[in-house]
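A.B. asks: One structure, pasted below without further comment.
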Amino acid sequence: MTDQIDNMLIDNVLHETRVIEPPAEFAAKASIKRGEYERRYRQSLDDPETFWTEVAGQLTWTQPWTQVLDWQEPHARWFVDGQTNIAYNALDRQVELGRGDKRAFIWEGEDGEVRTFTYAELLRGVSKAANTLTDLGVQVGDRVTLYLPLIPEAAIAMLACARIGAVHSVVFGGFSVSALADRITDAQSKVLITADAGYRKGAPVPLKANADAAAELAPSLETMLVVRRAGVAVPMKEGRDVWWSEAVGQASDQHQAAPLDSEHPLFVLYTSGSTGKPKGVLHTTGGYMVSAFLTMQTAFDLKEDDVFWCTADVGWVTGHSYTVYGPLLCGATAVMYEGAPNHPDWGRFWSVIEKHKINILYTAPTAIRSFMRQGDDYPNRYDLSSLRLLGSVGEPINPEAWMWYHRVIGGERCPVIDTWWQTETGTIMLTTLPGAFPAKPGSAGLPMFGIEPAILTRDGHELGPDEGGLLVIKRPWPSMLRTVYGDDERYRKTYWGEIPHVYFAGDGARKDADGYITVMGRVDDVLNVSGHRLGTMEIESVLVAHPSISEAAVVGRPDEVKGECVVAFVTPQSGMECDPAAIRAFITKEIGALARPEAIIVADALPKTRSGKIMRRFLRQIAAGKEIQGDTSTLEDPSVLERLQAAEVL
Ligand code: WTA
């Protein structure tokens, strides 16, 4: 694993020395200045009881907690015995605070349609959906799978689940039939909420058709609630399928949120790990709510009238925490945009910002790099002066993209925060508070409150400044995952078993003399393609299921736009030919377009040790077109490397 640390794509980051002070006007108005951060950060570590009591106390609990944290490594219980409801805090509480007529959501469809919901309207909509789910037999603790486009109903369905104590499991709409079926089965969901179709670049994406096919493979499924989004004709199965508009339309808009234990499961979200099977990361109610609230407020220096746009789909954790829960818990106005960033052209994001007068934009480096490639003309055509702060998430941001974002989108007036976190961490873990400290492009920077990171060697020794090592977190935090759904052993091993007594994130990082942490990338067999996690083993197991393929190994290759792209090395079954188009289509069908290999290299053998282990280190070098470096003598047949280097890339 550690050999990958040397291989990471960090050359440009390592030599980065620029320091960008917060713009004076922003800093003057910032809620948290340097001294305040330092005081509260110290308190959060030295006296977590007081710190978290104060933060959690800003939210509504129907029963107070008796203990802030009960830590029986590796299991944490936060706000023990407390009872609350996150949907209540996101909606009813805002109405009680006088925000009933304030806009909660502004949604823009790819086709230009705009729908807005005030807090009072959203509360009624969510209440109707909650009553519908109860009518359909959904009970506290039941899992409900969502497979939806980025439409308001996605957020409404999540909040409706949370309201009644059902556990939502959102599956990204770009995932395939079998990926959906596996996730429904793993969660044992009885109810699936989907839509007739979504839109992507003007074309309908056949969600209902995929859901129908998945239902055949997922025996737990009993009911399908179908949102009409695109108006395309879809078959409705008698006794199983229900139109959302009919069921929700008839339901009462009065609903009382269920008081739930702080540790009641809130959602499962599947993410790739270093084995073939995606993990169902489980988050619970109280701790997740408190962290989403705190990070939203502080990392984004949120002000009452801010219009906040997180571009992430709800199929990813960023969409959970900062498209839906975070902004609503803080009573902000959140923007949701359904479609592609380049539809009808590369000016779309900037037009959304201009139209809705967005103050804070939170997006991914891969998007920033794509925009940067299109030049400054697109953004320059729009009025972006409403922007106050910019955020980045999902993968390391290269300093050039950071500078472009800061200069062209932010007009050098908006600080850029680079936020490091994971599906497992639930909320932002590292970021440099925008009004308190200077930013260092390429470095996520300092820890959030209550987060104690360290850079360790494989055997647990803390490293000095600028030494590359493994990023760990030394104590639990409220929005930490509680387990891997249905597989606690995997939870223990993956997160708390790699290095004793610390949470191991799976990333490599280094810390500079000022304490800024630069995250360099994954050190396990997980790729980050356009900010999305893909397990190499997951792709390999699909590849070897293709009739033409005997063996497969997948590695990442640095990519200017995607950060990393998938390169597949395959050996054919004897007497068969590997057809790259068929292989790509197969991957798209089995996993989704995200996992499609950029390059396929067909060879008669893969580089293996005498014990049969594939040496991916060499494959990464070949994929990147580099010289072979390292000791090849452990290979059973070193000549394989030359043949691979000479092989045609398909
Ligand atoms: C990577 C997304 C560098 C990292 C919120 C992590 C980052 C994985 C950053 C989690 C960042 C995320 N700088 N790397 N600012 N943000 N990553 O679960 O490798 O989809 O482990 O969560 O993305 O991806 P996930």
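A note on labels: chains of the structure tokens are A, B, ... as shown, every chain counts residues from 1, and ligands are counted from 1 in their shown order.
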Using only C-alpha atoms and all ligand atoms, which protein or nucleic acid residues are at most 7 Å from ligand 1, as a list of chain:residue names?

C.D. replies: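 Within the 7 Å cut-off, the matching residues are A:Thr271, A:Trp316, A:Val317, A:Thr318, A:Ser392, A:Val393, A:Gly394, A:Glu395, A:Pro396, A:Ile397, A:Asp418, A:Thr419, A:Trp420, A:Trp421, A:Gln422, A:Thr423, A:Glu424, A:Ala444, A:Ala505, A:Gly506, A:Asp507, A:Val519, A:Met520, A:Gly521, A:Arg522, A:Asn528, A:Gly531, A:His532, A:Arg533.
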
A.B. asks: Do you have, as CSV, the list of residues of stretch 65-122 of chain A lying at most 10 Å from stretch 487-497 of chain A, each with its nearest atom pair and that distance in Å to one decimal, counting only C-alpha atoms and ordered by chain then number?

C.D. replies:
residue,atom,partner,partner_atom,distance
A:Glu73,CA,A:Trp496,CA,8.2
A:Pro74,CA,A:Trp496,CA,6.4
A:His75,CA,A:Arg492,CA,8.9

A.B. asks: Please list as a PyMOL selection string every residue within 7 Å of A:Val248, counting only C-alpha atoms and excluding residues in the same chain fewer than 3 positions away.

C.D. replies: chain A and resi 128-129+132+244-245+251

A.B. asks: Using atom CA of A:Glu467 and atom CA of A:Gly508 as the two end points, give the distance in Å to one decimal.

C.D. replies: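 Computing it gives 10.4 Å between the two atoms.
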
A.B. asks: What's the 10 Å shell around A:Pro607, counting only C-alpha atoms, without same-chain residues fewer than 4 positions away, as a PyMOL selection string?

C.D. replies: chain A and resi 553+612-619+632+634-641+644

A.B. asks: Please, what distance in Å, to one decimal, runs between atom CA of A:Asp306 and atom CA of A:Trp404?

C.D. replies: 23.4 Å

A.B. asks: Grab the atom CA of A:Gly286 to atom CA of A:Ala155 distance for me, in Å with one decimal place.

C.D. replies: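 Atom CA of A:Ala155 lies at a distance of 18.9 Å from atom CA of A:Gly286.
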
A.B. asks: If you count only C-alpha atoms, which residues fall within 9 Å of stretch 216-222 of chain A, apart from same-chain ones fewer than 3 positions away, as a list in words?

C.D. replies: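 Selected residues are Val177, Ser178, Leu180, Ala181, Asp182, Arg183, Ile184, Thr185, Gln188, Ser189, Lys190, Val191, Leu192, Ala211, Asp212, Ala213, Gly239, Arg240 and Asp241 of chain A.
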
A.B. asks: Using DSSP on the backbone, list every residue of stretch 127-223 of chain A that comes out as alpha helix (DSSP H), and give them as a PDB file with N, CA and C atoms, in the first residue's frame.

C.D. replies:
ATOM      1  N   SER A 127     -43.988  16.787   4.678  1.00  0.00           N
ATOM      2  CA  SER A 127     -45.007  16.156   5.525  1.00  0.00           C
ATOM      3  C   SER A 127     -45.891  15.230   4.698  1.00  0.00           C
ATOM      4  N   LYS A 128     -46.271  15.694   3.515  1.00  0.00           N
ATOM      5  CA  LYS A 128     -47.096  14.860   2.633  1.00  0.00           C
ATOM      6  C   LYS A 128     -46.340  13.579   2.260  1.00  0.00           C
ATOM      7  N   ALA A 129     -45.086  13.744   1.902  1.00  0.00           N
ATOM      8  CA  ALA A 129     -44.296  12.565   1.509  1.00  0.00           C
ATOM      9  C   ALA A 129     -44.117  11.620   2.698  1.00  0.00           C
ATOM     10  N   ALA A 130     -43.944  12.188   3.892  1.00  0.00           N
ATOM     11  CA  ALA A 130     -43.778  11.347   5.085  1.00  0.00           C
ATOM     12  C   ALA A 130     -45.053  10.551   5.338  1.00  0.00           C
ATOM     13  N   ASN A 131     -46.200  11.218   5.218  1.00  0.00           N
ATOM     14  CA  ASN A 131     -47.468  10.506   5.401  1.00  0.00           C
ATOM     15  C   ASN A 131     -47.636   9.412   4.350  1.00  0.00           C
ATOM     16  N   THR A 132     -47.188   9.700   3.130  1.00  0.00           N
ATOM     17  CA  THR A 132     -47.299   8.701   2.056  1.00  0.00           C
ATOM     18  C   THR A 132     -46.462   7.463   2.381  1.00  0.00           C
ATOM     19  N   LEU A 133     -45.234   7.704   2.822  1.00  0.00           N
ATOM     20  CA  LEU A 133     -44.370   6.560   3.139  1.00  0.00           C
ATOM     21  C   LEU A 133     -44.990   5.714   4.245  1.00  0.00           C
ATOM     22  N   THR A 134     -45.539   6.383   5.247  1.00  0.00           N
ATOM     23  CA  THR A 134     -46.184   5.643   6.338  1.00  0.00           C
ATOM     24  C   THR A 134     -47.368   4.840   5.789  1.00  0.00           C
ATOM     25  N   ASP A 135     -48.155   5.471   4.904  1.00  0.00           N
ATOM     26  CA  ASP A 135     -49.287   4.758   4.301  1.00  0.00           C
ATOM     27  C   ASP A 135     -48.831   3.540   3.509  1.00  0.00           C
ATOM     28  N   PRO A 152     -36.257  18.399  -6.881  1.00  0.00           N
ATOM     29  CA  PRO A 152     -36.627  18.670  -5.498  1.00  0.00           C
ATOM     30  C   PRO A 152     -37.164  17.436  -4.767  1.00  0.00           C
ATOM     31  N   GLU A 153     -37.836  16.548  -5.510  1.00  0.00           N
ATOM     32  CA  GLU A 153     -38.385  15.357  -4.860  1.00  0.00           C
ATOM     33  C   GLU A 153     -37.296  14.496  -4.225  1.00  0.00           C
ATOM     34  N   ALA A 154     -36.076  14.601  -4.736  1.00  0.00           N
ATOM     35  CA  ALA A 154     -34.989  13.819  -4.132  1.00  0.00           C
ATOM     36  C   ALA A 154     -34.761  14.294  -2.696  1.00  0.00           C
ATOM     37  N   ALA A 155     -34.682  15.611  -2.534  1.00  0.00           N
ATOM     38  CA  ALA A 155     -34.486  16.161  -1.185  1.00  0.00           C
ATOM     39  C   ALA A 155     -35.728  15.907  -0.334  1.00  0.00           C
ATOM     40  N   ILE A 156     -36.893  16.059  -0.938  1.00  0.00           N
ATOM     41  CA  ILE A 156     -38.136  15.853  -0.190  1.00  0.00           C
ATOM     42  C   ILE A 156     -38.217  14.406   0.308  1.00  0.00           C
ATOM     43  N   ALA A 157     -37.838  13.471  -0.553  1.00  0.00           N
ATOM     44  CA  ALA A 157     -37.894  12.065  -0.160  1.00  0.00           C
ATOM     45  C   ALA A 157     -36.893  11.766   0.958  1.00  0.00           C
ATOM     46  N   MET A 158     -35.700  12.347   0.872  1.00  0.00           N
ATOM     47  CA  MET A 158     -34.715  12.122   1.942  1.00  0.00           C
ATOM     48  C   MET A 158     -35.254  12.641   3.273  1.00  0.00           C
ATOM     49  N   LEU A 159     -35.767  13.859   3.229  1.00  0.00           N
ATOM     50  CA  LEU A 159     -36.274  14.478   4.459  1.00  0.00           C
ATOM     51  C   LEU A 159     -37.503  13.741   4.988  1.00  0.00           C
ATOM     52  N   ALA A 160     -38.314  13.204   4.073  1.00  0.00           N
ATOM     53  CA  ALA A 160     -39.500  12.458   4.509  1.00  0.00           C
ATOM     54  C   ALA A 160     -39.078  11.180   5.233  1.00  0.00           C
ATOM     55  N   CYS A 161     -38.061  10.524   4.701  1.00  0.00           N
ATOM     56  CA  CYS A 161     -37.538   9.333   5.384  1.00  0.00           C
ATOM     57  C   CYS A 161     -37.060   9.722   6.779  1.00  0.00           C
ATOM     58  N   ALA A 162     -36.252  10.775   6.829  1.00  0.00           N
ATOM     59  CA  ALA A 162     -35.686  11.204   8.110  1.00  0.00           C
ATOM     60  C   ALA A 162     -36.793  11.554   9.101  1.00  0.00           C
ATOM     61  N   ARG A 163     -37.863  12.096   8.599  1.00  0.00           N
ATOM     62  CA  ARG A 163     -38.976  12.521   9.459  1.00  0.00           C
ATOM     63  C   ARG A 163     -39.642  11.369  10.177  1.00  0.00           C
ATOM     64  N   ILE A 164     -39.712  10.223   9.475  1.00  0.00           N
ATOM     65  CA  ILE A 164     -40.388   9.070  10.081  1.00  0.00           C
ATOM     66  C   ILE A 164     -39.392   8.045  10.621  1.00  0.00           C
ATOM     67  N   VAL A 177     -28.151  -0.878 -13.658  1.00  0.00           N
ATOM     68  CA  VAL A 177     -29.152  -1.791 -13.113  1.00  0.00           C
ATOM     69  C   VAL A 177     -28.556  -2.680 -12.025  1.00  0.00           C
ATOM     70  N   SER A 178     -27.418  -3.304 -12.325  1.00  0.00           N
ATOM     71  CA  SER A 178     -26.929  -4.251 -11.326  1.00  0.00           C
ATOM     72  C   SER A 178     -26.386  -3.535 -10.096  1.00  0.00           C
ATOM     73  N   ALA A 179     -25.793  -2.353 -10.290  1.00  0.00           N
ATOM     74  CA  ALA A 179     -25.325  -1.595  -9.122  1.00  0.00           C
ATOM     75  C   ALA A 179     -26.525  -1.232  -8.243  1.00  0.00           C
ATOM     76  N   LEU A 180     -27.619  -0.841  -8.871  1.00  0.00           N
ATOM     77  CA  LEU A 180     -28.820  -0.496  -8.110  1.00  0.00           C
ATOM     78  C   LEU A 180     -29.378  -1.727  -7.388  1.00  0.00           C
ATOM     79  N   ALA A 181     -29.472  -2.823  -8.126  1.00  0.00           N
ATOM     80  CA  ALA A 181     -30.023  -4.049  -7.537  1.00  0.00           C
ATOM     81  C   ALA A 181     -29.193  -4.504  -6.331  1.00  0.00           C
ATOM     82  N   ASP A 182     -27.873  -4.463  -6.468  1.00  0.00           N
ATOM     83  CA  ASP A 182     -27.000  -4.877  -5.357  1.00  0.00           C
ATOM     84  C   ASP A 182     -27.238  -4.021  -4.121  1.00  0.00           C
ATOM     85  N   ARG A 183     -27.411  -2.725  -4.348  1.00  0.00           N
ATOM     86  CA  ARG A 183     -27.581  -1.812  -3.211  1.00  0.00           C
ATOM     87  C   ARG A 183     -28.948  -1.986  -2.563  1.00  0.00           C
ATOM     88  N   ILE A 184     -29.970  -2.263  -3.372  1.00  0.00           N
ATOM     89  CA  ILE A 184     -31.297  -2.523  -2.789  1.00  0.00           C
ATOM     90  C   ILE A 184     -31.232  -3.790  -1.940  1.00  0.00           C
ATOM     91  N   THR A 185     -30.574  -4.796  -2.489  1.00  0.00           N
ATOM     92  CA  THR A 185     -30.510  -6.079  -1.789  1.00  0.00           C
ATOM     93  C   THR A 185     -29.670  -5.978  -0.523  1.00  0.00           C
ATOM     94  N   ASP A 186     -28.529  -5.309  -0.618  1.00  0.00           N
ATOM     95  CA  ASP A 186     -27.680  -5.198   0.565  1.00  0.00           C
ATOM     96  C   ASP A 186     -28.429  -4.495   1.693  1.00  0.00           C
ATOM     97  N   ALA A 187     -29.205  -3.469   1.344  1.00  0.00           N
ATOM     98  CA  ALA A 187     -29.938  -2.719   2.373  1.00  0.00           C
ATOM     99  C   ALA A 187     -31.265  -3.387   2.716  1.00  0.00           C
ATOM    100  N   LEU A 207     -34.599   6.091 -15.948  1.00  0.00           N
ATOM    101  CA  LEU A 207     -34.482   5.585 -14.582  1.00  0.00           C
ATOM    102  C   LEU A 207     -35.501   4.483 -14.284  1.00  0.00           C
ATOM    103  N   LYS A 208     -36.745   4.687 -14.698  1.00  0.00           N
ATOM    104  CA  LYS A 208     -37.779   3.694 -14.375  1.00  0.00           C
ATOM    105  C   LYS A 208     -37.464   2.356 -15.043  1.00  0.00           C
ATOM    106  N   ALA A 209     -36.994   2.421 -16.280  1.00  0.00           N
ATOM    107  CA  ALA A 209     -36.653   1.175 -16.975  1.00  0.00           C
ATOM    108  C   ALA A 209     -35.543   0.445 -16.215  1.00  0.00           C
ATOM    109  N   ASN A 210     -34.548   1.196 -15.753  1.00  0.00           N
ATOM    110  CA  ASN A 210     -33.481   0.570 -14.957  1.00  0.00           C
ATOM    111  C   ASN A 210     -34.035   0.008 -13.651  1.00  0.00           C
ATOM    112  N   ALA A 211     -34.919   0.777 -13.037  1.00  0.00           N
ATOM    113  CA  ALA A 211     -35.492   0.331 -11.767  1.00  0.00           C
ATOM    114  C   ALA A 211     -36.298  -0.951 -11.973  1.00  0.00           C
ATOM    115  N   ASP A 212     -37.043  -1.035 -13.074  1.00  0.00           N
ATOM    116  CA  ASP A 212     -37.800  -2.249 -13.370  1.00  0.00           C
ATOM    117  C   ASP A 212     -36.868  -3.448 -13.494  1.00  0.00           C
ATOM    118  N   ALA A 213     -35.771  -3.248 -14.218  1.00  0.00           N
ATOM    119  CA  ALA A 213     -34.824  -4.349 -14.392  1.00  0.00           C
ATOM    120  C   ALA A 213     -34.180  -4.716 -13.059  1.00  0.00           C
ATOM    121  N   ALA A 214     -33.879  -3.705 -12.257  1.00  0.00           N
ATOM    122  CA  ALA A 214     -33.259  -3.980 -10.955  1.00  0.00           C
ATOM    123  C   ALA A 214     -34.224  -4.726 -10.044  1.00  0.00           C
ATOM    124  N   ALA A 215     -35.496  -4.383 -10.140  1.00  0.00           N
ATOM    125  CA  ALA A 215     -36.502  -5.028  -9.282  1.00  0.00           C
ATOM    126  C   ALA A 215     -36.527  -6.536  -9.519  1.00  0.00           C
ATOM    127  N   GLU A 216     -36.268  -6.935 -10.766  1.00  0.00           N
ATOM    128  CA  GLU A 216     -36.228  -8.373 -11.073  1.00  0.00           C
ATOM    129  C   GLU A 216     -35.109  -9.075 -10.311  1.00  0.00           C
ATOM    130  N   LEU A 217     -34.051  -8.316 -10.020  1.00  0.00           N
ATOM    131  CA  LEU A 217     -32.871  -8.902  -9.367  1.00  0.00           C
ATOM    132  C   LEU A 217     -32.869  -8.681  -7.860  1.00  0.00           C
TER     133      LEU A 217
END

A.B. asks: I need the residue nearest A:Val126 from this list: A:Ser252, A:Leu543, A:Val167, A:Thr60. Use only C-alpha atoms for the distance.

C.D. replies: A:Ser252

A.B. asks: With a distance cut-off of 7 Å and only C-alpha atoms, select the neighbouring residues of stretch 107-119 of chain A, excluding the residue or stretch itself and same-chain residues fewer than 2 positions from it, and output the selection as a PDB file with N, CA, C and O atoms, in the first residue's frame.

C.D. replies:
ATOM      1  N   LEU A  91     -36.574  21.900   9.004  1.00  0.00           N
ATOM      2  CA  LEU A  91     -37.794  22.525   8.485  1.00  0.00           C
ATOM      3  C   LEU A  91     -38.632  23.217   9.563  1.00  0.00           C
ATOM      4  O   LEU A  91     -38.717  24.442   9.602  1.00  0.00           O
ATOM      5  N   GLN A  94     -36.997  25.976  11.399  1.00  0.00           N
ATOM      6  CA  GLN A  94     -36.794  27.210  10.622  1.00  0.00           C
ATOM      7  C   GLN A  94     -38.088  28.017  10.569  1.00  0.00           C
ATOM      8  O   GLN A  94     -38.064  29.250  10.648  1.00  0.00           O
ATOM      9  N   VAL A  95     -39.208  27.303  10.421  1.00  0.00           N
ATOM     10  CA  VAL A  95     -40.492  28.000  10.392  1.00  0.00           C
ATOM     11  C   VAL A  95     -40.724  28.672  11.749  1.00  0.00           C
ATOM     12  O   VAL A  95     -41.098  29.843  11.822  1.00  0.00           O
ATOM     13  N   ARG A  99     -38.569  31.802   9.601  1.00  0.00           N
ATOM     14  CA  ARG A  99     -38.076  31.690   8.224  1.00  0.00           C
ATOM     15  C   ARG A  99     -39.096  31.024   7.295  1.00  0.00           C
ATOM     16  O   ARG A  99     -38.743  30.578   6.201  1.00  0.00           O
ATOM     17  N   GLY A 100     -40.348  30.945   7.722  1.00  0.00           N
ATOM     18  CA  GLY A 100     -41.366  30.247   6.930  1.00  0.00           C
ATOM     19  C   GLY A 100     -41.479  30.737   5.504  1.00  0.00           C
ATOM     20  O   GLY A 100     -41.649  29.945   4.573  1.00  0.00           O
ATOM     21  N   ASP A 101     -41.352  32.048   5.307  1.00  0.00           N
ATOM     22  CA  ASP A 101     -41.500  32.594   3.955  1.00  0.00           C
ATOM     23  C   ASP A 101     -40.173  32.749   3.225  1.00  0.00           C
ATOM     24  O   ASP A 101     -40.108  33.258   2.117  1.00  0.00           O
ATOM     25  N   LYS A 102     -39.126  32.342   3.894  1.00  0.00           N
ATOM     26  CA  LYS A 102     -37.811  32.440   3.258  1.00  0.00           C
ATOM     27  C   LYS A 102     -37.635  31.278   2.282  1.00  0.00           C
ATOM     28  O   LYS A 102     -38.122  30.172   2.526  1.00  0.00           O
ATOM     29  N   ARG A 103     -36.917  31.504   1.190  1.00  0.00           N
ATOM     30  CA  ARG A 103     -36.702  30.414   0.241  1.00  0.00           C
ATOM     31  C   ARG A 103     -35.741  29.373   0.836  1.00  0.00           C
ATOM     32  O   ARG A 103     -34.648  29.718   1.295  1.00  0.00           O
ATOM     33  N   ALA A 104     -36.197  28.135   0.820  1.00  0.00           N
ATOM     34  CA  ALA A 104     -35.348  27.037   1.281  1.00  0.00           C
ATOM     35  C   ALA A 104     -34.564  26.486   0.095  1.00  0.00           C
ATOM     36  O   ALA A 104     -33.348  26.311   0.156  1.00  0.00           O
ATOM     37  N   PHE A 105     -35.279  26.223  -0.990  1.00  0.00           N
ATOM     38  CA  PHE A 105     -34.667  25.664  -2.183  1.00  0.00           C
ATOM     39  C   PHE A 105     -35.018  26.473  -3.408  1.00  0.00           C
ATOM     40  O   PHE A 105     -36.158  26.899  -3.569  1.00  0.00           O
ATOM     41  N   GLU A 121     -43.380  25.885   2.622  1.00  0.00           N
ATOM     42  CA  GLU A 121     -43.821  24.990   1.537  1.00  0.00           C
ATOM     43  C   GLU A 121     -43.080  23.655   1.578  1.00  0.00           C
ATOM     44  O   GLU A 121     -43.672  22.588   1.382  1.00  0.00           O
ATOM     45  N   LEU A 122     -41.793  23.743   1.836  1.00  0.00           N
ATOM     46  CA  LEU A 122     -41.010  22.504   1.883  1.00  0.00           C
ATOM     47  C   LEU A 122     -41.490  21.622   3.035  1.00  0.00           C
ATOM     48  O   LEU A 122     -41.610  20.406   2.900  1.00  0.00           O
ATOM     49  N   LEU A 123     -41.792  22.260   4.152  1.00  0.00           N
ATOM     50  CA  LEU A 123     -42.294  21.495   5.297  1.00  0.00           C
ATOM     51  C   LEU A 123     -43.595  20.765   4.931  1.00  0.00           C
ATOM     52  O   LEU A 123     -43.776  19.593   5.254  1.00  0.00           O
ATOM     53  N   PRO A 152     -36.257  18.399  -6.881  1.00  0.00           N
ATOM     54  CA  PRO A 152     -36.627  18.670  -5.498  1.00  0.00           C
ATOM     55  C   PRO A 152     -37.164  17.436  -4.767  1.00  0.00           C
ATOM     56  O   PRO A 152     -36.942  17.280  -3.562  1.00  0.00           O
ATOM     57  N   TYR A 199     -32.954  14.029 -16.906  1.00  0.00           N
ATOM     58  CA  TYR A 199     -32.390  14.637 -18.098  1.00  0.00           C
ATOM     59  C   TYR A 199     -30.895  14.762 -17.956  1.00  0.00           C
ATOM     60  O   TYR A 199     -30.388  15.146 -16.916  1.00  0.00           O
ATOM     61  N   VAL A 335     -29.423  26.122  -3.574  1.00  0.00           N
ATOM     62  CA  VAL A 335     -29.731  25.986  -4.997  1.00  0.00           C
ATOM     63  C   VAL A 335     -29.414  24.562  -5.421  1.00  0.00           C
ATOM     64  O   VAL A 335     -28.462  23.946  -4.944  1.00  0.00           O
ATOM     65  N   MET A 336     -30.269  24.052  -6.306  1.00  0.00           N
ATOM     66  CA  MET A 336     -30.059  22.720  -6.875  1.00  0.00           C
ATOM     67  C   MET A 336     -30.172  22.870  -8.376  1.00  0.00           C
ATOM     68  O   MET A 336     -31.131  23.477  -8.857  1.00  0.00           O
ATOM     69  N   TYR A 337     -29.210  22.357  -9.112  1.00  0.00           N
ATOM     70  CA  TYR A 337     -29.298  22.408 -10.578  1.00  0.00           C
ATOM     71  C   TYR A 337     -29.231  20.981 -11.098  1.00  0.00           C
ATOM     72  O   TYR A 337     -28.302  20.242 -10.794  1.00  0.00           O
ATOM     73  N   GLU A 338     -30.228  20.631 -11.903  1.00  0.00           N
ATOM     74  CA  GLU A 338     -30.402  19.236 -12.303  1.00  0.00           C
ATOM     75  C   GLU A 338     -29.378  18.688 -13.290  1.00  0.00           C
ATOM     76  O   GLU A 338     -29.043  17.511 -13.253  1.00  0.00           O
ATOM     77  N   GLY A 339     -28.893  19.553 -14.191  1.00  0.00           N
ATOM     78  CA  GLY A 339     -28.286  18.970 -15.400  1.00  0.00           C
ATOM     79  C   GLY A 339     -26.781  19.020 -15.501  1.00  0.00           C
ATOM     80  O   GLY A 339     -26.057  19.136 -14.511  1.00  0.00           O
TER      81      GLY A 339
END

A.B. asks: Given only C-alpha atoms as the basis, pick out the residue of A:Gly556, A:Pro580, A:Gly515, A:Pro64 nearest to A:Ser443.

C.D. replies: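 Smallest distance to A:Ser443 is found for A:Gly515.
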
A.B. asks: Just want the 7 Å neighbourhood of stretch 544-551 of chain A, counted on only C-alpha atoms, with same-chain residues fewer than 2 positions away dropped. Output as an MDAnalysis selection string.

C.D. replies: chainID A and resid 540:542 570:573 576:578

A.B. asks: With distances taken over only C-alpha atoms, which residue among A:Tyr405, A:Tyr88, A:Phe449, A:Phe267 lies nearest A:Leu329?

C.D. replies: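 Among the listed residues, the smallest separation from A:Leu329 belongs to A:Tyr88.
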
A.B. asks: Here is a test: counting only C-alpha atoms, which residue of A:Pro399, A:Gly273, A:Gly445, A:Pro259 is nearest to A:Arg18?

C.D. replies: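 Ranking A:Pro399, A:Gly273, A:Gly445, A:Pro259 by distance to A:Arg18, first place goes to A:Pro399.
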